[in-house]
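See below for entry_28.csv, which holds CSV, C-alpha atoms.
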```
chain,number,residue,atom,x,y,z
A,1,MET,CA,-10.2,6.5,-22.0
A,2,ASP,CA,-11.1,8.8,-19.1
A,3,ASP,CA,-13.9,6.4,-18.2
A,4,PHE,CA,-11.5,3.5,-18.1
A,5,TYR,CA,-9.2,5.3,-15.6
A,6,MET,CA,-12.3,6.3,-13.5
A,7,GLY,CA,-13.5,2.7,-13.5
A,8,ILE,CA,-10.1,1.5,-12.3
A,9,ALA,CA,-10.2,4.2,-9.6
A,10,VAL,CA,-13.6,2.9,-8.4
A,11,PHE,CA,-12.2,-0.7,-8.4
A,12,LEU,CA,-9.4,0.4,-6.2
A,13,LEU,CA,-11.8,2.1,-3.9
A,14,LEU,CA,-13.8,-1.1,-3.6
A,15,ASN,CA,-10.5,-2.8,-2.7
A,16,ILE,CA,-10.0,-0.4,0.2
A,17,LEU,CA,-13.5,-1.1,1.4
A,18,LEU,CA,-12.8,-4.8,1.3
A,19,GLY,CA,-9.6,-4.3,3.2
A,20,LEU,CA,-11.5,-2.4,6.0
A,21,VAL,CA,-12.7,-5.9,7.1
A,22,ARG,CA,-9.1,-6.3,8.4
A,23,ILE,CA,-9.6,-3.3,10.7
A,24,LEU,CA,-12.7,-4.9,12.2
A,25,ARG,CA,-11.1,-8.4,12.6
A,26,GLY,CA,-7.4,-7.7,12.8
A,27,PRO,CA,-6.5,-9.0,16.3
A,28,THR,CA,-3.5,-6.7,16.9
A,29,ALA,CA,-3.0,-3.0,16.5
A,30,GLN,CA,-0.2,-3.7,14.0
A,31,ASP,CA,-2.8,-5.3,11.6
A,32,ARG,CA,-4.9,-2.2,11.8
A,33,MET,CA,-1.9,0.0,11.2
A,34,LEU,CA,-1.0,-2.1,8.1
A,35,MET,CA,-4.5,-1.4,6.8
A,36,ALA,CA,-3.6,2.3,7.0
A,37,GLN,CA,-0.5,1.6,5.0
A,38,LEU,CA,-2.6,-0.2,2.4
A,39,PHE,CA,-5.0,2.8,2.4
A,40,GLY,CA,-2.1,5.1,1.7
A,41,THR,CA,-0.7,3.2,-1.2
A,42,THR,CA,-4.1,2.6,-2.8
A,43,GLY,CA,-5.0,6.2,-2.1
A,44,VAL,CA,-2.0,7.4,-4.0
A,45,ALA,CA,-2.9,5.2,-7.0
A,46,ILE,CA,-6.5,6.5,-6.9
A,47,ILE,CA,-5.5,10.1,-6.8
A,48,MET,CA,-3.1,9.7,-9.8
A,49,LEU,CA,-5.8,7.9,-11.8
A,50,LEU,CA,-8.2,10.8,-11.0
A,51,ALA,CA,-5.5,13.3,-12.1
A,52,GLU,CA,-5.5,11.6,-15.5
A,53,ALA,CA,-9.2,11.0,-15.7
A,54,LEU,CA,-10.3,14.5,-14.7
A,55,ASP,CA,-7.4,16.2,-16.4
A,56,LEU,CA,-6.3,17.9,-13.2
A,57,PRO,CA,-2.4,17.7,-13.0
A,58,VAL,CA,-2.6,19.5,-9.6
A,59,LEU,CA,-3.8,16.2,-8.1
A,60,ARG,CA,-0.4,14.7,-8.6
A,61,ASP,CA,1.0,17.0,-6.0
A,62,VAL,CA,-1.7,15.8,-3.7
A,63,ALA,CA,-0.6,12.2,-4.4
A,64,LEU,CA,3.0,13.2,-3.5
A,65,LEU,CA,1.8,14.6,-0.2
A,66,PHE,CA,-0.3,11.5,0.5
A,67,ALA,CA,2.7,9.2,0.0
A,68,LEU,CA,4.7,11.4,2.4
A,69,LEU,CA,2.0,11.5,5.1
A,70,GLY,CA,1.4,7.8,4.9
A,71,ALA,CA,5.1,7.1,5.9
A,72,LEU,CA,4.9,9.7,8.7
A,73,ALA,CA,1.7,8.1,10.1
A,74,THR,CA,3.4,4.7,10.4
A,75,VAL,CA,6.5,6.1,12.0
A,76,ALA,CA,4.4,8.0,14.5
A,77,PHE,CA,2.4,4.9,15.3
A,78,VAL,CA,5.5,2.8,15.9
A,79,LYS,CA,7.1,5.4,18.1
A,80,ARG,CA,3.9,5.9,20.2
A,81,TYR,CA,2.8,2.3,20.4
A,82,TRP,CA,6.1,0.8,21.4
A,83,PRO,CA,8.0,3.3,23.6
A,84,ALA,CA,11.8,2.7,23.5
A,85,LYS,CA,11.9,0.9,26.9
A,86,MET,CA,9.4,-1.7,25.8
A,87,LEU,CA,11.6,-2.8,22.9
A,88,GLY,CA,14.3,-4.8,24.7
A,89,LYS,CA,17.6,-3.5,26.1
A,90,GLU,CA,19.4,-2.2,23.0
A,91,ALA,CA,16.5,0.1,22.1
A,92,GLY,CA,16.4,1.6,25.6
A,93,LYS,CA,19.8,3.2,25.3
E,1,MET,CA,-6.2,3.9,-30.4
E,2,THR,CA,-2.5,4.0,-30.6
E,3,ILE,CA,0.0,1.4,-29.3
E,4,ALA,CA,0.8,3.6,-26.3
E,5,THR,CA,-2.8,3.7,-25.3
E,6,TRP,CA,-3.2,0.0,-25.4
E,7,LEU,CA,0.0,-0.5,-23.5
E,8,SER,CA,-1.2,2.0,-20.9
E,9,VAL,CA,-4.5,0.1,-20.5
E,10,ALA,CA,-2.7,-3.2,-20.1
E,11,LEU,CA,-0.3,-1.8,-17.5
E,12,VAL,CA,-3.1,-0.1,-15.5
E,13,LEU,CA,-5.1,-3.4,-15.6
E,14,ALA,CA,-2.1,-5.4,-14.4
E,15,GLY,CA,-1.6,-2.8,-11.6
E,16,ALA,CA,-5.2,-3.1,-10.5
E,17,PHE,CA,-4.8,-6.9,-10.4
E,18,PHE,CA,-1.8,-6.6,-8.1
E,19,PHE,CA,-3.8,-4.2,-5.8
E,20,PHE,CA,-6.5,-6.8,-5.6
E,21,ALA,CA,-3.9,-9.5,-4.8
E,22,GLY,CA,-2.6,-7.2,-2.0
E,23,THR,CA,-6.0,-6.8,-0.5
E,24,MET,CA,-6.7,-10.5,-0.7
E,25,GLY,CA,-3.4,-11.2,1.0
E,26,MET,CA,-4.3,-8.6,3.7
E,27,LEU,CA,-7.5,-10.5,4.4
E,28,ARG,CA,-6.3,-14.1,4.1
E,29,PHE,CA,-2.7,-14.2,5.4
E,30,PRO,CA,-2.3,-15.6,9.0
E,31,ASP,CA,-0.2,-13.0,10.9
E,32,VAL,CA,1.3,-9.5,10.8
E,33,TYR,CA,4.6,-10.7,9.2
E,34,THR,CA,3.0,-12.3,6.2
E,35,ARG,CA,0.5,-9.4,5.8
E,36,LEU,CA,3.5,-7.1,5.6
E,37,HIS,CA,4.4,-8.9,2.4
E,38,ALA,CA,1.0,-8.3,0.9
E,39,VAL,CA,0.9,-4.6,1.8
E,40,THR,CA,4.4,-3.6,1.0
E,41,LYS,CA,5.2,-5.8,-2.1
E,42,ALA,CA,2.1,-6.6,-4.0
E,43,ASP,CA,0.6,-3.1,-3.5
E,44,ASN,CA,3.8,-1.2,-4.5
E,45,LEU,CA,4.2,-3.4,-7.6
E,46,GLY,CA,0.6,-2.5,-8.4
E,47,LEU,CA,1.4,1.2,-7.9
E,48,GLY,CA,4.5,0.9,-10.1
E,49,LEU,CA,2.5,-0.7,-12.9
E,50,ILE,CA,-0.2,2.0,-12.7
E,51,VAL,CA,2.4,4.7,-12.6
E,52,ALA,CA,4.0,3.2,-15.7
E,53,GLY,CA,0.7,3.1,-17.5
E,54,LEU,CA,0.0,6.7,-16.6
E,55,MET,CA,3.5,7.8,-17.6
E,56,LEU,CA,2.6,6.7,-21.2
E,57,GLN,CA,-0.3,9.1,-21.2
E,58,ALA,CA,1.5,12.0,-19.5
E,59,GLU,CA,1.6,15.3,-21.4
E,60,SER,CA,5.3,16.2,-20.8
E,61,TRP,CA,8.6,15.0,-19.5
E,62,PRO,CA,8.4,16.8,-16.2
E,63,ALA,CA,5.0,15.2,-15.6
E,64,MET,CA,6.4,11.8,-16.3
E,65,LEU,CA,9.3,12.4,-14.0
E,66,LYS,CA,7.0,13.5,-11.2
E,67,LEU,CA,4.9,10.3,-11.5
E,68,ALA,CA,8.1,8.3,-11.3
E,69,LEU,CA,9.2,10.2,-8.2
E,70,ILE,CA,5.9,9.6,-6.5
E,71,TRP,CA,6.4,5.9,-7.0
E,72,LEU,CA,9.9,6.0,-5.7
E,73,LEU,CA,8.8,8.0,-2.6
E,74,ALA,CA,6.0,5.4,-2.0
E,75,LEU,CA,8.5,2.6,-2.3
E,76,LEU,CA,10.9,4.3,0.2
E,77,ALA,CA,8.1,5.0,2.6
E,78,SER,CA,6.6,1.5,2.6
E,79,ALA,CA,10.0,-0.1,2.9
E,80,THR,CA,10.7,2.0,6.0
E,81,ALA,CA,7.2,1.3,7.4
E,82,CYS,CA,7.6,-2.5,6.7
E,83,TYR,CA,10.9,-2.6,8.6
E,84,LEU,CA,9.6,-0.6,11.5
E,85,VAL,CA,6.4,-2.5,12.0
E,86,GLY,CA,8.0,-5.9,11.4
E,87,ASN,CA,11.0,-5.2,13.7
E,88,SER,CA,8.9,-3.7,16.6
E,89,SER,CA,6.3,-6.5,16.4
E,90,LEU,CA,9.1,-9.1,16.7
E,91,ARG,CA,10.9,-7.3,19.5
E,92,SER,CA,7.7,-6.8,21.5
E,93,GLY,CA,7.2,-10.5,21.4
E,94,LEU,CA,4.4,-11.1,18.8
E,95,PRO,CA,5.0,-14.7,17.7
E,96,PRO,CA,5.1,-15.4,13.9
E,97,VAL,CA,2.9,-18.3,12.8
E,98,GLN,CA,5.2,-21.3,12.2
E,99,GLY,CA,4.8,-24.7,10.5
E,100,ARG,CA,1.9,-25.8,8.3
E,101,TYR,CA,-0.7,-23.1,8.2
E,102,SER,CA,-4.3,-24.1,8.8
E,103,VAL,CA,-7.1,-21.6,9.1
E,104,ARG,CA,-8.7,-23.5,12.0
E,105,ARG,CA,-5.5,-23.5,14.1
E,106,ASN,CA,-4.6,-20.0,13.4
E,107,PRO,CA,-3.7,-18.3,16.7
E,108,CYS,CA,-4.2,-14.8,15.2
E,109,ARG,CA,-7.8,-15.6,14.3
E,110,GLN,CA,-10.6,-14.1,16.2
```
What's the structure tokens form of this structure?
Amino acid sequence: MDDFYMGIAVFLLLNILLGLVRILRGPTAQDRMLMAQLFGTTGVAIIMLLAEALDLPVLRDVALLFALLGALATVAFVKRYWPAKMLGKEAGK
Amino acid sequence: MTIATWLSVALVLAGAFFFFAGTMGMLRFPDVYTRLHAVTKADNLGLGLIVAGLMLQAESWPAMLKLALIWLLALLASATACYLVGNSSLRSGLPPVQGRYSVRRNPCRQ
């Protein structure tokens, strides 16, 4: 059973590797940021699978933190990449 | 193996499939707006299915609850991120691909 969870975790890791192609090709910065979002979601799944496979419940707290940091990264990106004055008139208030 | 174990295996496999679908969407969809769908819907469904599969194997009620909370937090985070990225892309003037999609005429292709 643990091997099964480990195998799925490796499969998700391969998924992330495949998605890295989008960072190379993605024409806009938003595409690259979306890849970070995908990395975050998949990373949470991998860590929870590892928590079950390795019998380490502590890793679930790591997954919780990962989910939180993924959100903050995107918010920080949007705030830095498009300062308020670039986003039309109502955002400039 | 008990029924719960089989159910857990089935749910985790289904979750892995949705993650794969999300990655494929990320690679194949034409612009940011469609890619947002792949990342924030398919992937979070996959995460939910994996969480459901792991909840069946969790040792106690608090552990199950924590798994569910992680999923809810991920849902909330990606819904917010989806709105922020989509809204600011649109307002900064990135055009969505419209009409019949063809890989050869894709303006977002490099």
Subject >> Residues within 12 Å of (11.0, -2.5, 11.2), file coords, all atoms listed in the file, listed as number ranges by chain >> reply: A: 30, 74-75, 78-79, 82, 87; E: 32-33, 36, 77-92
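If you measure from each of A:Met1, A:Met35, A:Val58, A:Thr42 to Ala73 of chain A using only C-alpha atoms, the closest one turns out to be A:Met35.
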Original post:
Which one is closest to Phe17 of chain E: E:Gly46, E:Gly53, E:Pro95, E:Pro30? Count all atoms listed in the file.
Top reply: E:Gly46
**OP:** Give me the residues within 10 Å of Leu54 of chain E as a ChimeraX atom specification, counting only C-alpha atoms and dropping any in the same chain fewer than 3 places off.
**Re:** /A:5,48-49,51-52 /E:5,7-9,11-12,48-51,57-59,63-64,67-68
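Put simply, atom CA of Leu59 of chain A is 11.8 Å away from atom CA of Ile70 of chain E.
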Subject >> Contact residues around Leu64 of chain A with all atoms listed in the file at 9 Å, ignoring same-chain residues under 2 positions, as a ChimeraX atom specification >> reply: /A:44,59-62,66-69 /E:66-67,69-71,73-74
Subject >> Residue contacts of Val21 of chain A (12 Å, only C-alpha atoms) excluding same-chain residues fewer than 5 positions away, as an MDAnalysis selection string >> reply: (chainID A and resid 14:16 26:27 31:32 35) or (chainID E and resid 23:24 26:28)
Subject >> Distance of atom CA of Leu54 of chain A from atom CA of Ala21 of chain E, expressed in Å to one decimal place >> reply: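 Answer for the atom CA of Ala21 of chain E to atom CA of Leu54 of chain A separation: 26.7 Å.
With only C-alpha atoms as the basis for measurement, A:Ile8 is the residue among A:Leu17, A:Ile8, A:Ala29, A:Phe39 that approaches Ala14 of chain E most closely.
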**OP:** Could you please determine the separation between atom CA of Thr34 of chain E and atom CA of Ile46 of chain A in Å, to one decimal place?
**Re:**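 Value for the atom CA of Thr34 of chain E-atom CA of Ile46 of chain A distance: 24.8 Å.
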Original post:
Pick from A:Ala71, A:Tyr81, A:Asp3, A:Leu65: nearest to Thr28 of chain A, with only C-alpha atoms counted?
Top reply: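 Of the candidates, the smallest distance to Thr28 of chain A is held by A:Tyr81.
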Subject >> Among the residues E:Gly25, E:Lys41, E:Thr2, E:Val97, the one that comes closest to Leu76 of chain E [using all atoms listed in the file] >> reply: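 The shortest atom-to-atom distance to Leu76 of chain E comes from E:Lys41.
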**OP:** Return the single residue from A:Leu13, A:Leu56, A:Leu38, A:Ile47 that is closest to chain E, with distances computed using only C-alpha atoms.
**Re:**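 The answer is A:Leu38, which sits nearest to chain E.
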